[in-house]
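Below: target.txt (compact mmCIF, C-alpha atoms and all ligand atoms)
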# COMPACT_ATOMS: atom_id res chain seq x y z
CA VAL A 1 -71.47 23.11 -36.23
CA ARG A 2 -68.78 22.13 -38.66
CA ASN A 3 -66.24 24.42 -37.03
CA SER A 4 -67.00 23.23 -33.54
CA LEU A 5 -66.68 19.66 -34.74
CA ILE A 6 -63.26 20.48 -36.13
CA SER A 7 -62.03 22.00 -32.92
CA GLY A 8 -63.81 19.46 -30.75
CA ASN A 9 -62.71 16.36 -32.56
CA GLU A 10 -60.06 16.78 -35.20
CA THR A 11 -57.82 19.20 -33.35
CA ILE A 12 -57.88 17.20 -30.13
CA LYS A 13 -57.26 13.99 -32.04
CA MET A 14 -54.37 15.61 -33.84
CA ALA A 15 -52.92 17.14 -30.68
CA LEU A 16 -53.11 13.81 -28.84
CA THR A 17 -51.53 12.05 -31.73
CA ILE A 18 -48.71 14.56 -31.82
CA ALA A 19 -48.23 14.31 -28.07
CA VAL A 20 -48.02 10.54 -27.98
CA GLY A 21 -46.23 10.24 -31.32
CA GLY A 22 -48.82 7.82 -32.67
CA ARG A 23 -49.53 6.23 -36.00
CA VAL A 24 -51.36 9.16 -37.64
CA TRP A 25 -48.46 11.49 -36.95
CA ARG A 26 -45.94 9.10 -38.51
CA LYS A 27 -48.29 8.58 -41.44
CA PHE A 28 -48.66 12.33 -41.85
CA PHE A 29 -44.91 12.82 -42.19
CA LYS A 30 -44.61 9.86 -44.49
CA THR A 31 -47.25 11.42 -46.71
CA PHE A 32 -46.07 15.03 -46.36
CA PRO A 33 -42.29 15.16 -45.99
CA PHE A 34 -40.83 18.69 -45.72
CA ARG A 35 -37.55 19.65 -47.36
CA SER A 36 -36.15 22.19 -49.85
CA ASN A 37 -33.42 22.35 -52.51
CA SER A 38 -31.53 24.64 -54.98
CA ALA A 39 -31.32 26.07 -58.60
CA LEU A 40 -33.94 27.69 -60.82
CA LYS A 41 -35.38 25.82 -63.76
CA ARG A 42 -37.92 26.75 -66.40
CA PHE A 43 -39.99 24.11 -68.06
CA PRO A 44 -41.89 24.37 -71.31
CA THR A 45 -44.65 21.98 -70.29
CA CYS A 46 -45.36 20.16 -67.11
CA ARG A 47 -41.83 19.06 -66.41
CA ALA A 48 -39.90 20.15 -63.40
CA ASN A 49 -36.66 18.75 -62.16
CA GLY A 50 -36.60 16.50 -65.20
CA ARG A 51 -39.74 14.80 -63.93
CA LEU A 52 -43.07 14.79 -65.68
CA TYR A 53 -45.53 16.83 -63.64
CA SER A 54 -48.65 16.25 -65.65
CA THR A 55 -50.05 14.84 -68.85
CA SER A 56 -48.16 15.17 -72.11
CA SER A 57 -50.23 18.22 -73.06
CA ASP A 58 -48.96 21.76 -72.53
CA VAL A 59 -52.15 23.16 -71.04
CA VAL A 60 -50.34 23.51 -67.73
CA LEU A 61 -46.90 25.11 -67.53
CA VAL A 62 -44.81 24.62 -64.42
CA ARG A 63 -41.75 26.50 -63.28
CA LYS A 64 -40.16 25.49 -60.04
CA ASP A 65 -37.58 27.50 -58.15
CA GLU A 66 -35.50 24.78 -56.57
CA GLU A 67 -33.92 27.11 -54.06
CA SER A 68 -37.13 28.35 -52.48
CA GLY A 69 -39.29 25.34 -53.32
CA ILE A 70 -41.91 27.59 -54.98
CA ALA A 71 -43.63 26.16 -58.05
CA THR A 72 -45.58 28.43 -60.39
CA VAL A 73 -48.37 26.64 -62.20
CA ARG A 74 -49.75 28.48 -65.22
CA MET A 75 -53.00 27.51 -66.89
CA ASN A 76 -52.47 27.64 -70.62
CA ASN A 77 -55.70 26.74 -72.37
CA PRO A 78 -56.51 29.62 -74.74
CA PRO A 79 -58.55 31.63 -75.24
CA VAL A 80 -60.00 31.78 -71.69
CA ASN A 81 -58.63 28.80 -69.71
CA SER A 82 -62.02 27.16 -69.67
CA LEU A 83 -61.80 24.04 -67.56
CA ASN A 84 -62.21 21.17 -70.01
CA PRO A 85 -61.27 17.58 -69.14
CA THR A 86 -57.73 17.96 -70.51
CA LEU A 87 -56.97 21.02 -68.38
CA MET A 88 -58.58 19.58 -65.25
CA VAL A 89 -56.73 16.27 -65.52
CA ALA A 90 -53.47 18.12 -66.16
CA LEU A 91 -54.04 20.42 -63.16
CA ARG A 92 -54.90 17.56 -60.85
CA SER A 93 -51.94 15.56 -61.96
CA CYS A 94 -49.68 18.58 -61.56
CA PHE A 95 -50.98 19.31 -58.03
CA GLU A 96 -50.45 15.66 -57.07
CA GLU A 97 -46.92 15.55 -58.47
CA LEU A 98 -45.94 18.74 -56.66
CA GLU A 99 -47.46 17.29 -53.50
CA LYS A 100 -45.18 14.26 -53.79
CA ASP A 101 -42.12 16.38 -54.56
CA LYS A 102 -40.29 16.59 -51.25
CA THR A 103 -38.50 19.77 -52.32
CA CYS A 104 -41.67 21.66 -53.16
CA ARG A 105 -43.10 23.93 -50.42
CA ALA A 106 -45.46 26.27 -52.23
CA LEU A 107 -47.56 26.54 -55.33
CA ILE A 108 -48.67 29.71 -57.13
CA LEU A 109 -51.59 29.17 -59.50
CA THR A 110 -51.99 31.69 -62.29
CA SER A 111 -52.90 32.14 -65.95
CA GLN A 112 -50.49 32.19 -68.84
CA LYS A 113 -52.89 34.60 -70.53
CA PRO A 114 -53.25 37.82 -68.55
CA LYS A 115 -56.75 39.31 -68.30
CA VAL A 116 -58.43 35.92 -67.85
CA PHE A 117 -57.46 33.69 -64.92
CA SER A 118 -60.08 31.12 -65.90
CA ALA A 119 -63.56 31.37 -67.44
CA GLY A 120 -64.69 28.46 -65.26
CA LEU A 121 -66.01 25.17 -66.50
CA ASP A 122 -66.07 24.64 -70.22
CA ILE A 123 -69.75 25.28 -70.79
CA LEU A 124 -69.69 23.35 -74.05
CA GLN A 125 -68.98 20.22 -72.02
CA LEU A 126 -72.31 20.67 -70.28
CA TYR A 127 -74.41 21.31 -73.35
CA GLN A 128 -76.16 18.49 -75.25
CA LYS A 129 -73.93 15.84 -73.72
CA SER A 130 -74.88 12.41 -72.44
CA PRO A 131 -75.48 11.85 -68.71
CA ASP A 132 -72.36 9.67 -68.63
CA HIS A 133 -70.28 12.40 -70.19
CA VAL A 134 -71.32 15.03 -67.65
CA ALA A 135 -70.89 12.55 -64.80
CA GLN A 136 -67.30 11.84 -65.83
CA PHE A 137 -66.72 15.53 -66.36
CA TRP A 138 -67.90 16.34 -62.84
CA GLU A 139 -65.68 13.71 -61.28
CA LYS A 140 -62.72 15.50 -62.85
CA VAL A 141 -63.86 18.75 -61.24
CA GLN A 142 -64.10 17.02 -57.85
CA ASP A 143 -60.69 15.35 -58.16
CA MET A 144 -58.96 18.54 -59.22
CA TRP A 145 -60.51 20.41 -56.29
CA LEU A 146 -59.67 17.66 -53.77
CA ALA A 147 -56.01 17.74 -54.85
CA LEU A 148 -55.75 21.53 -54.52
CA TYR A 149 -57.91 22.14 -51.45
CA GLY A 150 -56.28 19.24 -49.61
CA SER A 151 -52.72 20.20 -50.47
CA ARG A 152 -50.04 20.34 -47.76
CA LEU A 153 -48.33 23.09 -49.81
CA ILE A 154 -48.79 26.82 -49.41
CA THR A 155 -51.23 27.50 -52.23
CA MET A 156 -51.60 30.98 -53.61
CA ALA A 157 -53.85 32.14 -56.43
CA ALA A 158 -52.32 34.90 -58.54
CA ILE A 159 -55.56 35.97 -60.20
CA ASN A 160 -54.37 37.97 -63.16
CA GLY A 161 -57.76 38.55 -64.77
CA HIS A 162 -61.42 37.50 -64.79
CA CYS A 163 -62.26 34.71 -62.42
CA PRO A 164 -65.89 33.55 -62.69
CA ALA A 165 -67.50 30.34 -61.41
CA ALA A 166 -65.07 27.42 -61.39
CA GLY A 167 -62.24 29.95 -61.85
CA CYS A 168 -63.32 31.28 -58.47
CA LEU A 169 -63.60 27.67 -57.21
CA LEU A 170 -59.87 27.28 -57.94
CA GLY A 171 -59.09 30.54 -56.20
CA LEU A 172 -61.18 29.60 -53.16
CA ALA A 173 -59.34 26.29 -52.88
CA CYS A 174 -56.06 28.16 -52.36
CA ASP A 175 -54.79 29.56 -49.05
CA TYR A 176 -54.50 33.16 -50.26
CA ARG A 177 -55.70 35.18 -53.26
CA ILE A 178 -54.04 38.13 -54.97
CA MET A 179 -56.09 39.70 -57.73
CA ALA A 180 -55.39 42.20 -60.49
CA GLU A 181 -56.75 45.69 -59.95
CA GLY A 182 -59.07 47.09 -62.57
CA ASN A 183 -62.08 45.92 -64.47
CA PHE A 184 -61.83 42.21 -63.68
CA ARG A 185 -64.55 40.19 -62.05
CA ILE A 186 -64.66 37.29 -59.65
CA GLY A 187 -67.49 35.30 -58.09
CA LEU A 188 -69.73 32.28 -58.21
CA ASN A 189 -72.25 33.14 -60.94
CA GLU A 190 -73.66 29.61 -61.26
CA THR A 191 -77.28 30.66 -60.69
CA GLN A 192 -77.04 32.88 -63.77
CA LEU A 193 -76.69 29.65 -65.76
CA ASP A 194 -79.50 28.01 -63.78
CA LEU A 195 -76.89 25.91 -61.93
CA VAL A 196 -76.56 25.43 -58.19
CA ALA A 197 -73.11 25.44 -56.61
CA PRO A 198 -72.44 22.10 -54.87
CA PHE A 199 -72.26 21.93 -51.05
CA TRP A 200 -68.46 21.88 -50.94
CA LEU A 201 -68.09 24.96 -53.13
CA ARG A 202 -70.80 26.78 -51.21
CA GLN A 203 -69.03 25.89 -47.96
CA THR A 204 -65.67 27.25 -49.12
CA MET A 205 -67.38 30.51 -50.09
CA ILE A 206 -68.96 30.69 -46.61
CA ASP A 207 -65.61 29.89 -44.99
CA VAL A 208 -63.91 32.68 -46.90
CA ILE A 209 -66.42 35.56 -46.86
CA GLY A 210 -68.87 34.59 -44.12
CA TYR A 211 -72.42 33.27 -44.14
CA ARG A 212 -74.51 36.33 -44.99
CA GLN A 213 -72.33 37.61 -47.81
CA ALA A 214 -71.88 34.12 -49.26
CA GLU A 215 -75.59 33.37 -49.11
CA MET A 216 -76.39 36.57 -50.98
CA ALA A 217 -73.52 36.24 -53.48
CA LEU A 218 -74.52 32.67 -54.31
CA MET A 219 -78.23 33.40 -54.64
CA ILE A 220 -77.77 36.24 -57.11
CA GLY A 221 -74.73 34.69 -58.82
CA ALA A 222 -72.75 37.86 -58.19
CA LEU A 223 -69.57 38.69 -60.05
CA TYR A 224 -67.65 41.35 -58.15
CA PRO A 225 -65.08 43.81 -59.46
CA SER A 226 -61.74 43.29 -57.74
CA ASP A 227 -62.03 46.26 -55.33
CA LYS A 228 -65.39 44.99 -54.07
CA ALA A 229 -63.97 41.45 -53.84
CA LEU A 230 -61.19 42.81 -51.63
CA GLN A 231 -63.72 44.58 -49.44
CA LEU A 232 -65.67 41.32 -49.02
CA GLY A 233 -62.55 39.29 -48.29
CA LEU A 234 -63.10 37.18 -51.39
CA VAL A 235 -59.54 38.14 -52.32
CA ASP A 236 -56.82 39.10 -49.86
CA LYS A 237 -54.78 41.62 -51.81
CA LEU A 238 -54.86 43.62 -55.05
CA ALA A 239 -51.96 44.46 -57.33
CA PRO A 240 -51.51 46.00 -60.77
CA ILE A 241 -51.99 43.22 -63.30
CA GLU A 242 -48.32 43.20 -64.28
CA ASP A 243 -47.26 42.82 -60.63
CA VAL A 244 -49.65 40.08 -59.52
CA GLN A 245 -47.05 37.34 -59.89
CA THR A 246 -44.30 39.26 -58.11
CA VAL A 247 -46.62 40.20 -55.25
CA ALA A 248 -47.66 36.55 -54.97
CA GLU A 249 -44.02 35.47 -54.77
CA GLU A 250 -43.32 38.05 -52.05
CA GLU A 251 -46.35 36.88 -50.10
CA VAL A 252 -45.30 33.24 -50.40
CA LYS A 253 -41.87 34.13 -49.06
CA ASN A 254 -43.53 35.51 -45.91
CA TRP A 255 -45.52 32.31 -45.53
CA LEU A 256 -42.37 30.25 -45.99
CA LYS A 257 -41.05 31.71 -42.72
CA ILE A 258 -43.70 29.68 -40.88
CA PRO A 259 -42.57 26.11 -40.17
CA ASP A 260 -44.16 23.83 -42.77
CA GLN A 261 -45.37 21.18 -40.33
CA ALA A 262 -47.33 23.43 -38.03
CA ARG A 263 -48.81 25.35 -40.96
CA ALA A 264 -49.83 22.22 -42.87
CA ILE A 265 -51.32 20.48 -39.81
CA THR A 266 -53.29 23.61 -38.95
CA LYS A 267 -54.58 23.82 -42.51
CA MET A 268 -55.60 20.17 -42.51
CA ALA A 269 -57.36 20.56 -39.16
CA SER A 270 -59.70 23.09 -40.72
CA ARG A 271 -60.09 21.48 -44.15
CA LYS A 272 -60.26 17.76 -43.37
CA PRO A 273 -63.97 17.64 -42.49
CA LEU A 274 -65.02 19.13 -45.83
CA LEU A 275 -62.53 16.99 -47.74
CA ASP A 276 -63.84 13.88 -45.99
CA GLU A 277 -67.43 14.88 -46.61
CA LEU A 278 -66.92 15.24 -50.34
CA ARG A 279 -64.99 11.95 -50.49
CA ARG A 280 -67.85 10.27 -48.68
CA ARG A 281 -70.57 11.88 -50.82
CA LYS A 282 -68.71 11.84 -54.13
CA GLN A 283 -71.14 9.59 -56.00
CA GLU A 284 -74.19 11.40 -54.68
CA ASP A 285 -72.65 14.72 -55.76
CA ILE A 286 -71.93 13.33 -59.24
CA GLN A 287 -75.51 12.12 -59.57
CA THR A 288 -76.88 15.50 -58.56
CA PHE A 289 -74.71 17.25 -61.10
CA ARG A 290 -75.60 14.77 -63.84
CA ASP A 291 -79.34 14.99 -63.15
CA GLU A 292 -79.36 18.78 -62.81
CA THR A 293 -77.27 19.70 -65.83
CA THR A 294 -79.08 17.33 -68.18
CA ARG A 295 -82.50 18.64 -67.15
CA GLU A 296 -84.32 20.21 -70.11
CA SER A 297 -84.84 23.61 -68.49
CA VAL A 298 -81.17 23.80 -67.47
CA GLN A 299 -80.10 22.84 -70.98
CA LYS A 300 -82.25 25.68 -72.28
CA SER A 301 -80.59 28.14 -69.87
CA ILE A 302 -77.13 26.94 -70.87
CA GLN A 303 -78.03 27.36 -74.52
CA GLN A 304 -79.21 30.92 -73.88
CA TYR A 305 -76.08 31.68 -71.88
CA LEU A 306 -73.88 30.42 -74.72
CA GLU A 307 -75.83 32.56 -77.19
CA LYS A 308 -75.33 35.59 -74.96
CA LEU A 309 -71.59 34.92 -74.82
CA LYS A 310 -71.41 34.73 -78.62
CA ALA A 311 -73.61 37.82 -79.09
CA LYS A 312 -71.26 39.86 -76.89
CA LYS A 313 -68.93 40.32 -79.89
C1 LIG A 401 -75.71 20.74 -59.74
C2 LIG A 401 -75.01 21.70 -60.63
C3 LIG A 401 -73.71 22.16 -60.04
C4 LIG A 401 -73.05 23.14 -60.94
C5 LIG A 401 -71.88 23.78 -60.33
C6 LIG A 401 -71.01 24.32 -61.36
C7 LIG A 401 -69.79 25.02 -60.82
C8 LIG A 401 -69.12 25.78 -61.88
C9 LIG A 401 -69.74 26.22 -62.99
C10 LIG A 401 -69.03 26.96 -64.08
O1 LIG A 401 -67.86 27.23 -64.03
S1 LIG A 401 -69.98 27.37 -65.44
C11 LIG A 401 -68.99 28.50 -66.38
C12 LIG A 401 -69.28 29.88 -65.98
N1 LIG A 401 -68.42 30.79 -66.68
C13 LIG A 401 -68.81 31.99 -67.06
O2 LIG A 401 -69.92 32.38 -66.85
C14 LIG A 401 -67.80 32.83 -67.81
C15 LIG A 401 -68.19 33.03 -69.23
N2 LIG A 401 -67.17 33.77 -69.95
C16 LIG A 401 -67.01 35.10 -69.85
O3 LIG A 401 -67.70 35.78 -69.12
C17 LIG A 401 -65.93 35.71 -70.68
O4 LIG A 401 -65.56 34.81 -71.67
C18 LIG A 401 -64.68 36.13 -69.89
C19 LIG A 401 -64.14 35.01 -69.02
C20 LIG A 401 -65.02 37.36 -69.02
C21 LIG A 401 -63.56 36.54 -70.90
O5 LIG A 401 -64.04 37.53 -71.77
P1 LIG A 401 -63.28 37.79 -73.14
O6 LIG A 401 -63.96 38.96 -73.77
O7 LIG A 401 -61.83 37.86 -72.92
O8 LIG A 401 -63.50 36.48 -74.01
P2 LIG A 401 -64.82 36.03 -74.79
O9 LIG A 401 -64.82 36.68 -76.13
O10 LIG A 401 -66.02 36.20 -73.95
O11 LIG A 401 -64.57 34.46 -74.94
C22 LIG A 401 -63.65 33.94 -75.90
C23 LIG A 401 -64.21 32.62 -76.39
O12 LIG A 401 -64.31 31.71 -75.32
C24 LIG A 401 -65.65 31.24 -75.16
N3 LIG A 401 -65.92 31.02 -73.75
C25 LIG A 401 -65.90 31.91 -72.74
N4 LIG A 401 -66.14 31.35 -71.59
C26 LIG A 401 -66.33 30.04 -71.82
C27 LIG A 401 -66.62 28.92 -70.98
N5 LIG A 401 -66.76 29.02 -69.65
N6 LIG A 401 -66.75 27.72 -71.57
C28 LIG A 401 -66.61 27.57 -72.91
N7 LIG A 401 -66.33 28.61 -73.75
C29 LIG A 401 -66.20 29.82 -73.21
C30 LIG A 401 -66.50 32.36 -75.75
O13 LIG A 401 -67.75 31.89 -76.14
C31 LIG A 401 -65.65 32.78 -76.93
O14 LIG A 401 -65.81 31.79 -77.94
P3 LIG A 401 -65.77 32.20 -79.49
O15 LIG A 401 -66.93 33.13 -79.70
O16 LIG A 401 -64.44 32.87 -79.71
O17 LIG A 401 -65.94 30.89 -80.21
Just give me the structure of the file as structure tokens.
Amino acid sequence: VRNSLISGNETIKMALTIAVGGRVWRKFFKTFPFRSNSALKRFPTCRANGRLYSTSSDVVLVRKDEESGIATVRMNNPPVNSLNPTLMVALRSCFEELEKDKTCRALILTSQKPKVFSAGLDILQLYQKSPDHVAQFWEKVQDMWLALYGSRLITMAAINGHCPAAGCLLGLACDYRIMAEGNFRIGLNETQLDLVAPFWLRQTMIDVIGYRQAEMALMIGALYPSDKALQLGLVDKLAPIEDVQTVAEEEVKNWLKIPDQARAITKMASRKPLLDELRRRKQEDIQTFRDETTRESVQKSIQQYLEKLKAKK
């Protein structure tokens, strides 16, 4: 239903707007200008082009190649890039700054620490916290996702290690996923923590791997090794861990041959309904998360999960 609505409404609306050169079209180009520039720069924190790309923390490192317009965004929150408020705010802010940068055309998201892309949400932020705390926490998850999933840029996940839960959420929000070969796992294992993936995350999983596989994967909270993930279409390509970044750059260069406008409009045509739905249901989604995670039985499960993580050593 969602897909037919997209083609039936959004695409026609967009095509008409393009044809008659209406307001939405002009607004689109005002919001998403397309250009590129020159010179390679490396930045220790979130600075690129002398401009601040994120918060003052160094949990996100950005390097932008001015010639190609490709920005590499590295998560740098040791030991496992768990998504705490600082990292999520920094990522969101970085995505938004790159979005505004007229010379930026593509974004590669990866981890500064090979072997773990991201361990997902910081579980400690969900344990024995006040309802207000978890509500604010969840809004940061939503905002980070909205900025990445709704980006006009080519977004590529260079998954150089484990990628569970909200790590996978980040990967699914990108346009293309390259994952390290070997004993690394990816998936939405929320049910293992007694959590239920929200509608928008569930939908992106369905969109990427199809209904039946997504339904099963979500129910059992499956974490797949990278070769199985490739087979399912959860990732698009595998590479040796040391080559993931290079392969991502090569792939982006292929995508850059496609005119930005047509690519970005096509992407928005398929993503806008889900983006709009989350924007519309944001408060309801926050309430669900707050009520679910603070439930006694869920708190117990989170506690047990944390104990299992510690006992692993
Ligand atoms: C209505 C409800 C809606 C809910 C929707 C929620 C959507 C998303 C949910 C989530 O993302 S929940 C998080 C799920 N994440 C996981 O299950 C991953 C758990 N971690 C691991 O499996 C492993 O850590 C790893 C990623 C495979 C890496 O293994 P490695 O051996 O390299 O490191 P560890 O020794 O396991 O960990 C080091 C250190 O970090 C702590 N830690 C690991 N993951 C997390 C985490 N997600 N949050 C907080 N802390 C984490 C781990 O306990 C270790 O701590 P120390 O023992 O060193 O203190």
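Between atom CA of Asn76 of chain A and atom CA of Leu109 of chain A lies a distance of 11.3 Å.
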Compile the contact shell of segment 179-186 of chain A as an MDAnalysis selection string: residues with an atom at most 6 Å away, counting all atoms listed in the file, same-chain residues fewer than 5 positions apart removed.
-> chainID A and resid 159:164 223:226 238:241
Spatial neighbours of segment 155-157 of chain A, 9 Å, only C-alpha atoms, chain gap at least 2 places, as a VMD selection string | chain A and resid 106 to 110 148 to 149 151 to 153 159 to 160 170 to 179 248 to 249 251 to 252
Could you turn the residues from that selection into a file that holds C-alpha atoms, as a PDB file, keeping the file's coordinate frame?
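Now in selection-v9.pdb:
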ATOM      1  CA  ALA A 106     -45.460  26.270 -52.230  1.00  0.00           C
ATOM      2  CA  LEU A 107     -47.560  26.540 -55.330  1.00  0.00           C
ATOM      3  CA  ILE A 108     -48.670  29.710 -57.130  1.00  0.00           C
ATOM      4  CA  LEU A 109     -51.590  29.170 -59.500  1.00  0.00           C
ATOM      5  CA  THR A 110     -51.990  31.690 -62.290  1.00  0.00           C
ATOM      6  CA  LEU A 148     -55.750  21.530 -54.520  1.00  0.00           C
ATOM      7  CA  TYR A 149     -57.910  22.140 -51.450  1.00  0.00           C
ATOM      8  CA  SER A 151     -52.720  20.200 -50.470  1.00  0.00           C
ATOM      9  CA  ARG A 152     -50.040  20.340 -47.760  1.00  0.00           C
ATOM     10  CA  LEU A 153     -48.330  23.090 -49.810  1.00  0.00           C
ATOM     11  CA  ILE A 159     -55.560  35.970 -60.200  1.00  0.00           C
ATOM     12  CA  ASN A 160     -54.370  37.970 -63.160  1.00  0.00           C
ATOM     13  CA  LEU A 170     -59.870  27.280 -57.940  1.00  0.00           C
ATOM     14  CA  GLY A 171     -59.090  30.540 -56.200  1.00  0.00           C
ATOM     15  CA  LEU A 172     -61.180  29.600 -53.160  1.00  0.00           C
ATOM     16  CA  ALA A 173     -59.340  26.290 -52.880  1.00  0.00           C
ATOM     17  CA  CYS A 174     -56.060  28.160 -52.360  1.00  0.00           C
ATOM     18  CA  ASP A 175     -54.790  29.560 -49.050  1.00  0.00           C
ATOM     19  CA  TYR A 176     -54.500  33.160 -50.260  1.00  0.00           C
ATOM     20  CA  ARG A 177     -55.700  35.180 -53.260  1.00  0.00           C
ATOM     21  CA  ILE A 178     -54.040  38.130 -54.970  1.00  0.00           C
ATOM     22  CA  MET A 179     -56.090  39.700 -57.730  1.00  0.00           C
ATOM     23  CA  ALA A 248     -47.660  36.550 -54.970  1.00  0.00           C
ATOM     24  CA  GLU A 249     -44.020  35.470 -54.770  1.00  0.00           C
ATOM     25  CA  GLU A 251     -46.350  36.880 -50.100  1.00  0.00           C
ATOM     26  CA  VAL A 252     -45.300  33.240 -50.400  1.00  0.00           C
TER      27      VAL A 252
END
Ala119 of chain A proximity check over A:Gly150, A:Pro198, A:Pro78, A:Pro259, using all atoms listed in the file: winner is A:Pro78
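With all atoms listed in the file as the basis for measurement, A:Trp145 is the residue among A:Trp145, A:Asp122, A:Gln136, A:Arg63 that approaches Glu96 of chain A most closely.
The space separating atom CA of Gly120 of chain A from atom N1 of ligand LIG 401 (chain A) comes to 4.6 Å.
Here atom CA of Gln231 of chain A and atom CA of Val244 of chain A stand 17.9 Å from one another.
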Sel. within 9 Å of pt (-75.8, 26.5, -68.7), counting only C-alpha atoms, output as a VMD selection string | chain A and resid 123 to 124 126 to 127 190 192 to 195 293 298 to 306
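With all atoms listed in the file as the atoms that count, the residue of A:Ser297, A:Gln261, A:Thr288, A:Asn254 with the shortest distance to ligand LIG 401 (chain A) is A:Thr288.
At a cut-off of 9 Å from (-59.2, 39.4, -48.2), the residue set is Tyr176, Arg177, Ile178, Val208, Ile209, Ala229, Leu230, Gln231, Leu232, Gly233, Leu234, Val235, Asp236 and Lys237 of chain A (counting all atoms listed in the file).
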Return the single residue from A:Val89, A:Leu121, A:Cys168, A:Ile265 that is closest to ligand LIG 401 (chain A), with distances computed using all atoms listed in the file.
-> A:Leu121
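Residue nearest ligand LIG 401 (chain A) within the list A:Val60, A:Ala214, A:Val141, A:Leu309: A:Leu309 [criterion: smallest interatomic distance, all atoms listed in the file].
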Gly69 of chain A environment, 6 Å, all atoms listed in the file, sequence neighbours closer than 2 positions dropped, as an MDAnalysis selection string | chainID A and resid 36 65:67 103:105
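Proximity to ligand LIG 401 (chain A) was assessed for A:Leu256, A:Met216, A:Lys129, A:Pro79 counting all atoms listed in the file; the smallest distance is recorded for A:Pro79.
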Rebuild N, CA, C and O atoms on segment 274-285 of chain A, as a PDB file, keeping the file's coordinate frame?
ATOM      1  N   LEU A 274     -64.369  18.912 -44.529  1.00  0.00           N
ATOM      2  CA  LEU A 274     -65.020  19.130 -45.830  1.00  0.00           C
ATOM      3  C   LEU A 274     -64.456  18.180 -46.887  1.00  0.00           C
ATOM      4  O   LEU A 274     -65.195  17.651 -47.723  1.00  0.00           O
ATOM      5  N   LEU A 275     -63.142  17.946 -46.810  1.00  0.00           N
ATOM      6  CA  LEU A 275     -62.530  16.990 -47.740  1.00  0.00           C
ATOM      7  C   LEU A 275     -63.158  15.609 -47.556  1.00  0.00           C
ATOM      8  O   LEU A 275     -63.552  14.947 -48.518  1.00  0.00           O
ATOM      9  N   ASP A 276     -63.271  15.206 -46.288  1.00  0.00           N
ATOM     10  CA  ASP A 276     -63.840  13.880 -45.990  1.00  0.00           C
ATOM     11  C   ASP A 276     -65.298  13.800 -46.444  1.00  0.00           C
ATOM     12  O   ASP A 276     -65.745  12.780 -46.959  1.00  0.00           O
ATOM     13  N   GLU A 277     -66.008  14.909 -46.250  1.00  0.00           N
ATOM     14  CA  GLU A 277     -67.430  14.880 -46.610  1.00  0.00           C
ATOM     15  C   GLU A 277     -67.604  14.701 -48.119  1.00  0.00           C
ATOM     16  O   GLU A 277     -68.443  13.924 -48.575  1.00  0.00           O
ATOM     17  N   LEU A 278     -66.786  15.417 -48.893  1.00  0.00           N
ATOM     18  CA  LEU A 278     -66.920  15.240 -50.340  1.00  0.00           C
ATOM     19  C   LEU A 278     -66.500  13.830 -50.740  1.00  0.00           C
ATOM     20  O   LEU A 278     -67.161  13.197 -51.565  1.00  0.00           O
ATOM     21  N   ARG A 279     -65.420  13.324 -50.136  1.00  0.00           N
ATOM     22  CA  ARG A 279     -64.990  11.950 -50.490  1.00  0.00           C
ATOM     23  C   ARG A 279     -66.119  10.965 -50.209  1.00  0.00           C
ATOM     24  O   ARG A 279     -66.391  10.066 -50.986  1.00  0.00           O
ATOM     25  N   ARG A 280     -66.777  11.174 -49.087  1.00  0.00           N
ATOM     26  CA  ARG A 280     -67.850  10.270 -48.680  1.00  0.00           C
ATOM     27  C   ARG A 280     -69.072  10.400 -49.602  1.00  0.00           C
ATOM     28  O   ARG A 280     -69.716   9.416 -49.936  1.00  0.00           O
ATOM     29  N   ARG A 281     -69.343  11.649 -50.031  1.00  0.00           N
ATOM     30  CA  ARG A 281     -70.570  11.880 -50.820  1.00  0.00           C
ATOM     31  C   ARG A 281     -70.299  12.070 -52.309  1.00  0.00           C
ATOM     32  O   ARG A 281     -71.119  12.638 -53.034  1.00  0.00           O
ATOM     33  N   LYS A 282     -69.136  11.580 -52.748  1.00  0.00           N
ATOM     34  CA  LYS A 282     -68.710  11.840 -54.130  1.00  0.00           C
ATOM     35  C   LYS A 282     -69.750  11.374 -55.167  1.00  0.00           C
ATOM     36  O   LYS A 282     -70.120  12.128 -56.065  1.00  0.00           O
ATOM     37  N   GLN A 283     -70.218  10.141 -55.004  1.00  0.00           N
ATOM     38  CA  GLN A 283     -71.140   9.590 -56.000  1.00  0.00           C
ATOM     39  C   GLN A 283     -72.478  10.335 -56.001  1.00  0.00           C
ATOM     40  O   GLN A 283     -73.048  10.617 -57.052  1.00  0.00           O
ATOM     41  N   GLU A 284     -72.934  10.656 -54.807  1.00  0.00           N
ATOM     42  CA  GLU A 284     -74.190  11.400 -54.680  1.00  0.00           C
ATOM     43  C   GLU A 284     -74.068  12.775 -55.362  1.00  0.00           C
ATOM     44  O   GLU A 284     -74.964  13.226 -56.089  1.00  0.00           O
ATOM     45  N   ASP A 285     -72.911  13.402 -55.172  1.00  0.00           N
ATOM     46  CA  ASP A 285     -72.650  14.720 -55.760  1.00  0.00           C
ATOM     47  C   ASP A 285     -72.591  14.628 -57.294  1.00  0.00           C
ATOM     48  O   ASP A 285     -73.093  15.507 -58.003  1.00  0.00           O
TER      49      ASP A 285
END
